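For reference, the structure discussed in these notes is given below.
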Amino acid sequence: MRLPLLLAAAVAPLFAPLQSPEEFAPQVAGGRARLERDDPAGALTVFLAILQRRPEHVPALQGASTSFLALGRFEEALALLERLARLRPQQPEVFHHRGYALYSLGRMSEAEADLRKSLQLRSDLAAASVVLGKLLRASRRAGEAVEVLRKGREASPSHAGILAELGDALAESGEDAGAEEALRESLRLDPAIADARFRLGIVFQRTGRGAEALAEWEKVVEQRPAHRGAWYQIARARSGDPGRSREAVERFRTLSALEEKREHLEKRLRGNPEGGALRLEVAEVLLALEEPRAALGHLLLVGNDPSFADRALGLCGRAYLETSSFDEAARAFEGARSLAPDRPEHRLGLARAHRGAGRADAARAEVEGVLAGDPGNAEAAALLGELRRAPPAATGKGGR
Amino acid sequence: MRGRTAVALAAVALSAGIAAWLRSRGSGSRPPIAGAKAPVPLFVGVGAQSGVDFVHRNFPTPRKYLLETMGGGAALLDADGDGDLDLYLVQGAPPPGDPSPRPPNRLFRNDGGLRFTDATAEAGVEGSGYGQGCAVGDADGDGDSDLFVSNGGPDLFYRNLGAGRFEERSASARVGDPGWGTSALFFDADLDGDLDLYAASYVKADYASHPLCAPRGRPSYCHPDTFEGAEDRFYRNEGDGTFTEAGARAGIARAGPFEGKGLGVVAADFDDDGIPDLFVANDSTPNFLYRGRGDGTFEENGLLAGVAYSFSGRAEAGMGTDAADVDGNGRLDLVVTNLNYETHRLRLNLGGAVFEDVTETAGLARLTYPYVGFGVGFLDADDDGALDLLLVNGHVVDNVAESDPFQSYRQPAFLLRNLGGRGGFEDVSPRAGEPFGRSRAGRGAAFGDLDDDGWVDVVVTGCGEPAEIWRNGGVPGRHWVRFRLLGVRSVRDGLGADLWIAAGGRTLRRCAKAGYSYLCSNDPRVHVGLGEAAVVERLEVRWPSGRVDVRRGLAADREHVLREGREDSVP
C-alpha cells in the first residue's frame, strides 16, 4: 500500500524511533482512540507504522486488521488476521473478524466455520451473530439464520444490531409480526439504525399502515439524507400529491445517478488501480452518498501528484468532518490551504473543523480571511453568521 | 452485483449495507419445503420420443461474447392452421471466423399425441443470424399466424402463406432491425384493428468491438453494465404489409448506459382503461411501465407505479415477465425473474396500475433468492381456477461455481402452487415430476396445451442444451375450458381481449396474450381452469375494439371459438 506523504502527514502523527513493543503503548492507544472516533483511515496509519517495526505486534495487528475491515479492504485485513490467528488461536474476536473478512470475500464455508467458532468461544459476541445471520440468509438457510439471531438475542438482549438483523430476516420470510417486534425493539435501543427504520416502514406498508410507513421513511431521510430506498418509497407514498412527490422523485433520481456514477468509476478503477485522479472522483461521489469512511479508504491510496494534492487533502478534510474527526479534518484542510491558498473551500472547511473542535475564534478568523479576499462569498457570509449566533461546543458536527 | 462497500465499524459490528457482498448461495439443489398435501399435477418430460430433437447451440468461445449466454426462444403457434399448436425453436449461430455451418431454427409440426415432425424446410423458416426470441400474431389479418424472430443482428419476419408455408419478408415489412433484439410481442397499441409489434432490444454490442472481460483475472462474460442499453423498437402496422418504426414518437426510445437493456416484455391493460399498456423487464436498469394512450404513444411511469426498482430503490436484472390476475381481484399483477441474490419479484396491482411488492410475504424471496430466473409464466397448472407460477432458472456464467461455491450454472425450475388470496404460493416442485428434479441452464419457457387435453404443458429451452417438452398430467376431477378468439373489428386473433369467466361461484379474469415469459411466444388461446365447476355460467369478452360480448352456459372440458360480435359458438 502506498501512503501518500501529504495525506499521511495530515492524518497521523509521525512516530519517534521505537525500541520495544511496550513502548508502542501510547501509539496503540492513539490508534484505538481513532478507531473509536470512527477514523479507521487515521488509525490504520498508526498501526501500520508499528507493524513496520514489529510485524507480530498483536495489538497493532488487531488494530490494523480492524481498520482494514472498516475501510472495506478485506484482502489486506485477511492477511493480517491469518497472522493474528497463529498468534492468538483462542481469541474469539480473531475468528469473528476473519469470518467477516472471508464472508465479504465470498468464501462462505470458511467464513461460517470461523464465525461459529467465535460464537463457540464466546456466545455473547453479538456482532458475530449478526454476520453469521447474514451469511445463513445468504446461503438460503433462513430458518437457521433466525435461530442463530434469536440465540444471539438471548445472549445479548440489548444489542440493537442483532434485533435489526433478526427483524430483517423475519420480514424477508414474510413473518411481519415478529419482524415488527424485533425492529421496534432495535430502534428503541438505537434509534439511529436507519436501515431498521426503513424496513419497519416496509412492514407497516404491507400491513396496511401507509401513513405510519411514510412517517418512518421521512425519519430515515432526516437521519440519512442519502438513503435512496427511503426516497424511493416516499416518492411512491406521496404519489397522490404530485408536488410533494416530485421532490422525492428528484432526490431519488439524483442519488441513483450518483450510484450509477460510482459504479461506473469503480469499474474504471478496477482496470486502473493506480489511478489517483479516478480515486478522487470516486471519493467525491462517496462523500455525496454520505460514505465518508469508504471515501477515506480511497483517499489514502491517492498518489502524490501535485496537480491534485490540494483537492485530495480537501476531500480528506470533508470526510473527516463527516465523521466528526475535527482535528484530523483541520490538519487536512491546513495542508490543502497551504498548497492552494486561493481556494476558499479549503479555508471554509478549516473553519468548520475549528468550529467542530470548539475553536470558534480560529474558525471566525478563517472565514473573515475568505471574506476579506471575496466580500461577496455567500457561503462564507452564512458561516460567519452562524458562528456569531451560536458557536457550538467541541463535540458539535462542525456544520457543512 | 452492485459493489456496495459500505463499511461500518463499531468494533467491526459489520453492519448493514454489506448485502451486496452476498456472493454466497444458490446451487443446483433446492431447499426443503413444508408441503401441504393438495393434489399437484405431475409433469413428465416427453423427451426424444416426441420427435423434438432440438439442441440449442450457443457456440461458446474463449472471448466470452455476451450473446452466448442468452439461450434461444420458442413459439407455440398454429403454423399450418390445423387447430393444434406447432412448435418453433430458435437457434444460435457460429461467431465470425468459425467455419461451422449455422444450424437452422426449427419448426416441428404437431401430429397429435405429443408427437412432432420436423417441418422446417417445407415451411421455410430456417432463420439466419444468431437467433434470440420470437413473436407470433396474425399481423396481416388473413387468419393465420405470422412469425417474427429477433436476432443478435438483423431480425426476421415470416409471413404465413397458409398450409404451413412461410415467406421471409423482413425487408419489405421493414422490421429487420440490425441491433440486438430479445423478447418481442404483437399487440394492437393504437386500437386500429391490426397488430403492432414491440421488439425489446438489449445492448449495443457486436463481435468486432466486444470487450474481453476478466473480472477475476480470467475471461468471463461481461456484466451488462459494460454496454450501453439499446432502444427498443415499436413498429406501427400500416395495414399494407409494412410497418413503420415509431419508437421515438411512441415515447419508448430510451437508451443509454443506465437505461434500457430490455429482455422481457408483456402487454396488458394494467390500469383498466381499455387501452393496452406495456411492461418491459430490463437487465440491471430500471424496468419500464408504459401506459398506453390508445394512439400508439405511451407514458412511462415505472417509478411511481412501483415496478421499476426493488423496494429498496435498486434496479434489478429483469429477465422474463408475465402479467395476470394472480390474487383473483380482477386486476393484473406482475412477475419478473431476476438475477441471483435479488429474488424474482411478484407485484400485486392495487388499482390504477400502482403495484405493491409482495415478494417476501408471498414466499418468493426465500425461495428464489439464490437463482437466476429467465422463463416465467402464470398458468393454472392444476386447473383449480387459481393461477400458479412456473419459473425456469439457470445461471448466466458457465463457470460461476469457480468464483461462487454457492452457485451452479445449471439450476432447477420451480412450480409454485397458488394458495389463493394475496399472492401466497407453495413450492410443489418436489411433487410435480422429474423435470423439476433436474437442473439445467434454463432460459425460455413457453406455455400451451400441446396435446389439447385441457392441461397446460410447457416447453423449456436452454442455453447450449436440448429443448424439453413437459407434459402436464393434470389433476383428476378438475374441469377446464378453452377459448379461441376470432376478432372482427378487433385484431383477428383477439390478442388483448379481456375475458371474465363466472363459474362455480367466482369470477375469473383472463387475458388473450401470446407474448410473455422470456424470448417466447405462447399459446394464444385462453385456457381457464374451473376446479369443480362443470359449466361456465357467464362469459364476458371485452374485445380490444371496445365491444363486449356475453355468453352463458358454456360447457366445460372443451374448446369454444368466440367470434367478435356473435353470442353463439362458432364451429
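Labeling convention for the C-alpha cells: chains A, B, ... as they appear, residues from 1 per chain, ligands from 1 in order of appearance.
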- Task: Would you kindly report the residues of chain A within 8 Å of chain B, using only C-alpha atoms, as a VMD selection string?
- Result: chain A and resid 36 38 66 69 to 72 97 100 103 to 108 127 to 128 130 to 131 134 to 135 138 to 140 142 161 171 to 175 195 206 228 to 230 232 to 233 235 to 236 239 260 263 291 293 to 294
Any chance you could export the current selection's C-alpha atoms as an mmCIF file, in the first residue's frame?
data_model
loop_
_atom_site.group_PDB
_atom_site.id
_atom_site.type_symbol
_atom_site.label_atom_id
_atom_site.label_comp_id
_atom_site.auth_asym_id
_atom_site.auth_seq_id
_atom_site.Cartn_x
_atom_site.Cartn_y
_atom_site.Cartn_z
ATOM 1 C CA GLU A 36 -13.355 4.765 18.496
ATOM 2 C CA ASP A 38 -14.737 6.372 13.702
ATOM 3 C CA THR A 66 -9.911 -3.828 12.182
ATOM 4 C CA LEU A 69 -12.142 -4.180 7.635
ATOM 5 C CA ALA A 70 -13.764 -0.869 8.365
ATOM 6 C CA LEU A 71 -12.330 0.562 5.176
ATOM 7 C CA GLY A 72 -13.639 -2.372 3.154
ATOM 8 C CA HIS A 97 -13.107 -10.734 12.218
ATOM 9 C CA TYR A 100 -16.292 -11.377 8.415
ATOM 10 C CA TYR A 103 -17.674 -13.603 4.188
ATOM 11 C CA SER A 104 -17.052 -10.309 2.499
ATOM 12 C CA LEU A 105 -14.765 -12.028 0.029
ATOM 13 C CA GLY A 106 -17.404 -14.636 -0.751
ATOM 14 C CA ARG A 107 -15.572 -17.519 0.928
ATOM 15 C CA MET A 108 -18.674 -18.629 2.706
ATOM 16 C CA ALA A 127 -21.551 -8.856 16.019
ATOM 17 C CA ALA A 128 -20.530 -12.406 15.097
ATOM 18 C CA VAL A 130 -25.137 -10.675 13.075
ATOM 19 C CA VAL A 131 -22.639 -11.694 10.409
ATOM 20 C CA LYS A 134 -26.374 -12.588 7.199
ATOM 21 C CA LEU A 135 -24.311 -15.462 5.900
ATOM 22 C CA ALA A 138 -27.315 -15.529 2.002
ATOM 23 C CA SER A 139 -26.952 -19.288 1.944
ATOM 24 C CA ARG A 140 -30.717 -19.880 1.749
ATOM 25 C CA ALA A 142 -33.288 -18.566 6.646
ATOM 26 C CA GLY A 161 -27.829 -4.769 15.598
ATOM 27 C CA ALA A 171 -39.527 -9.702 7.262
ATOM 28 C CA GLU A 172 -37.743 -11.402 4.399
ATOM 29 C CA SER A 173 -39.512 -14.593 5.421
ATOM 30 C CA GLY A 174 -42.852 -12.813 5.397
ATOM 31 C CA GLU A 175 -43.223 -13.002 9.192
ATOM 32 C CA ASP A 195 -31.968 0.541 7.719
ATOM 33 C CA ARG A 206 -47.569 -4.093 3.596
ATOM 34 C CA ARG A 228 -32.062 6.037 -1.697
ATOM 35 C CA GLY A 229 -34.583 3.368 -0.725
ATOM 36 C CA ALA A 230 -36.375 5.725 1.641
ATOM 37 C CA TYR A 232 -37.985 5.875 -3.433
ATOM 38 C CA GLN A 233 -40.683 4.793 -1.032
ATOM 39 C CA ALA A 235 -41.883 9.237 -3.771
ATOM 40 C CA ARG A 236 -44.319 6.400 -4.186
ATOM 41 C CA SER A 239 -47.693 9.948 -5.469
ATOM 42 C CA GLU A 260 -24.501 4.889 -11.251
ATOM 43 C CA GLU A 263 -20.350 2.070 -10.201
ATOM 44 C CA GLU A 291 -19.991 7.293 2.914
ATOM 45 C CA ARG A 293 -15.127 6.145 5.564
ATOM 46 C CA ALA A 294 -15.243 4.489 2.173
#
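Minimum atom-to-atom distances from A:Gln62, A:Arg343, A:Gln27, A:Ala288 to A:Ala49 were compared using only C-alpha atoms, and the lowest value belongs to A:Gln27.
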So which residues touch B:Leu212 within 12 Å, counting only C-alpha atoms, skipping near sequence neighbours fewer than 6 positions away, as a PDB file with C-alpha atoms, in the first residue's frame?
ATOM      1  CA  THR B  61     -15.846 -19.051 -27.393  1.00  0.00           C
ATOM      2  CA  PRO B  62     -12.813 -18.092 -25.289  1.00  0.00           C
ATOM      3  CA  ARG B  63     -13.784 -14.492 -25.987  1.00  0.00           C
ATOM      4  CA  LYS B  64     -16.932 -14.983 -23.947  1.00  0.00           C
ATOM      5  CA  TYR B  65     -19.285 -12.948 -26.102  1.00  0.00           C
ATOM      6  CA  LEU B  66     -22.313 -11.964 -24.051  1.00  0.00           C
ATOM      7  CA  ARG B 218      -9.707 -14.944 -16.145  1.00  0.00           C
ATOM      8  CA  PRO B 219     -12.050 -14.365 -19.041  1.00  0.00           C
ATOM      9  CA  SER B 220     -15.688 -14.271 -18.112  1.00  0.00           C
ATOM     10  CA  TYR B 221     -18.884 -12.835 -19.505  1.00  0.00           C
ATOM     11  CA  CYS B 222     -19.113  -9.087 -19.277  1.00  0.00           C
ATOM     12  CA  HIS B 223     -21.663  -7.539 -16.990  1.00  0.00           C
ATOM     13  CA  THR B 226     -20.183  -2.832 -19.800  1.00  0.00           C
TER      14      THR B 226
END
- Go through A:Ala378, A:Ser109, A:Cys316, A:Leu350 and flag the residue nearest A:Glu284, using only C-alpha atoms for the distances.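 Nearest to A:Glu284: A:Cys316.
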- Task: Quick one: pick out all strand (DSSP E or B) residues within stretch 366-570 of chain B from a backbone DSSP run and write them as a ChimeraX atom specification.
- Result: /B:373-379,388-393,411-412,414-418,425-427,439-440,442-448,457-462,466,468-472,479-486,498-503,506-511,515,517,521,526-531,535-542,548-555,559-563
- Item | Polymer residues at most 12 Å from A:Arg268, only C-alpha atoms, same-chain spacing of 6 or more positions, as a list in words | Lys261, Arg262, Glu274, Gly275, Gly276, Ala277, Leu278, Arg279, Glu281 and Val282 of chain A; Pro215, Asp225 and Thr226 of chain B
- Message: What's around A:Leu321 at 12 Å? Count only C-alpha atoms, leave out sequence neighbours fewer than 5 positions away in its own chain, and write the answer as a PyMOL selection string.
- Response: chain A and resi 37-39+287+290-293+296+314-316+326-333+348-357+395-400
7 Å contact set for stretch 231-245 of chain B, only C-alpha atoms, chain neighbours under 2 positions out, as a short mmCIF file (atom, residue, chain, number, x, y, z; two decimals) with N, CA and C atoms, in the first residue's frame:
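Listed below is the output, out.cif:
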data_model
loop_
_atom_site.label_atom_id
_atom_site.label_comp_id
_atom_site.auth_asym_id
_atom_site.auth_seq_id
_atom_site.Cartn_x
_atom_site.Cartn_y
_atom_site.Cartn_z
N ASP B 140 -51.10 -9.68 -40.65
CA ASP B 140 -51.78 -9.19 -41.85
C ASP B 140 -53.27 -9.48 -41.84
N SER B 172 -39.18 -6.06 -46.79
CA SER B 172 -40.36 -5.34 -47.28
C SER B 172 -41.28 -4.93 -46.14
N ALA B 173 -41.28 -5.71 -45.07
CA ALA B 173 -42.10 -5.33 -43.91
C ALA B 173 -41.42 -4.26 -43.05
N ARG B 174 -40.15 -4.05 -43.29
CA ARG B 174 -39.36 -3.01 -42.61
C ARG B 174 -39.24 -3.25 -41.11
N VAL B 175 -38.93 -4.50 -40.78
CA VAL B 175 -38.74 -4.83 -39.37
C VAL B 175 -37.39 -5.50 -39.12
N ASP B 194 -55.33 -3.66 -36.20
CA ASP B 194 -54.24 -4.53 -36.66
C ASP B 194 -53.14 -4.58 -35.61
N LEU B 195 -52.29 -5.56 -35.77
CA LEU B 195 -51.29 -5.82 -34.72
C LEU B 195 -50.01 -5.03 -34.97
N ASP B 196 -49.63 -4.26 -33.97
CA ASP B 196 -48.34 -3.60 -33.98
C ASP B 196 -47.33 -4.53 -33.31
N LEU B 197 -46.09 -4.14 -33.37
CA LEU B 197 -45.04 -5.04 -32.88
C LEU B 197 -44.12 -4.28 -31.94
N TYR B 198 -43.92 -4.83 -30.76
CA TYR B 198 -42.93 -4.27 -29.83
C TYR B 198 -41.77 -5.24 -29.77
N ALA B 199 -40.58 -4.76 -30.04
CA ALA B 199 -39.39 -5.62 -30.02
C ALA B 199 -38.39 -5.04 -29.04
N ALA B 200 -38.21 -5.71 -27.92
CA ALA B 200 -37.24 -5.24 -26.93
C ALA B 200 -35.83 -5.41 -27.48
N SER B 201 -34.97 -4.48 -27.11
CA SER B 201 -33.57 -4.56 -27.53
C SER B 201 -32.71 -4.61 -26.28
N GLY B 229 -27.32 0.49 -23.11
CA GLY B 229 -28.61 -0.08 -23.50
C GLY B 229 -29.01 0.39 -24.89
N GLY B 247 -40.73 4.31 -32.59
CA GLY B 247 -40.38 4.29 -31.16
C GLY B 247 -40.25 5.68 -30.56
N ILE B 252 -40.97 5.44 -26.51
CA ILE B 252 -40.29 4.28 -25.93
C ILE B 252 -38.81 4.22 -26.29
N ALA B 253 -38.32 5.24 -26.97
CA ALA B 253 -36.91 5.20 -27.41
C ALA B 253 -36.01 5.64 -26.26
N ARG B 254 -35.73 4.75 -25.38
CA ARG B 254 -34.92 5.06 -24.21
C ARG B 254 -33.69 4.18 -24.22
N ALA B 255 -32.54 4.80 -24.11
CA ALA B 255 -31.31 4.02 -24.15
C ALA B 255 -30.19 4.79 -23.48
N GLY B 260 -32.65 1.09 -20.44
CA GLY B 260 -32.95 0.11 -21.47
C GLY B 260 -32.44 -1.27 -21.10
#
Determine, for each residue of stretch 397-444 of chain B having at least one atom at most 7 Å from an atom of stretch 453-461 of chain B, the closest pair of atoms and their separation in Å to one decimal, counting only C-alpha atoms; order by chain and ascending number, as a tab-separated table.
residue	atom	partner	partner_atom	distance
B:Gly442	CA	B:Thr461	CA	6.1
B:Arg443	CA	B:Thr461	CA	5.5
B:Gly444	CA	B:Thr461	CA	4.8
- List every residue of stretch 308-369 of chain A that DSSP, applied to the backbone of this structure, assigns to helix (DSSP H, G or I), and report them as a VMD selection string. chain A and resid 309 to 322 326 to 339 344 to 356 360 to 369
- Message: Taking 4 positions as the minimum chain separation for residues in the same chain, which residues sit within 9 Å of B:Val149 when counting only C-alpha atoms? Answer as a VMD selection string.
- Response: chain B and resid 90 127 131 to 136 155 to 158 181 to 182 184
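When only C-alpha atoms are used to compute distances to A:Val285, the closest of the residues A:Ser158, A:His96, A:Arg224, A:Ser256 turns out to be A:Ser256.
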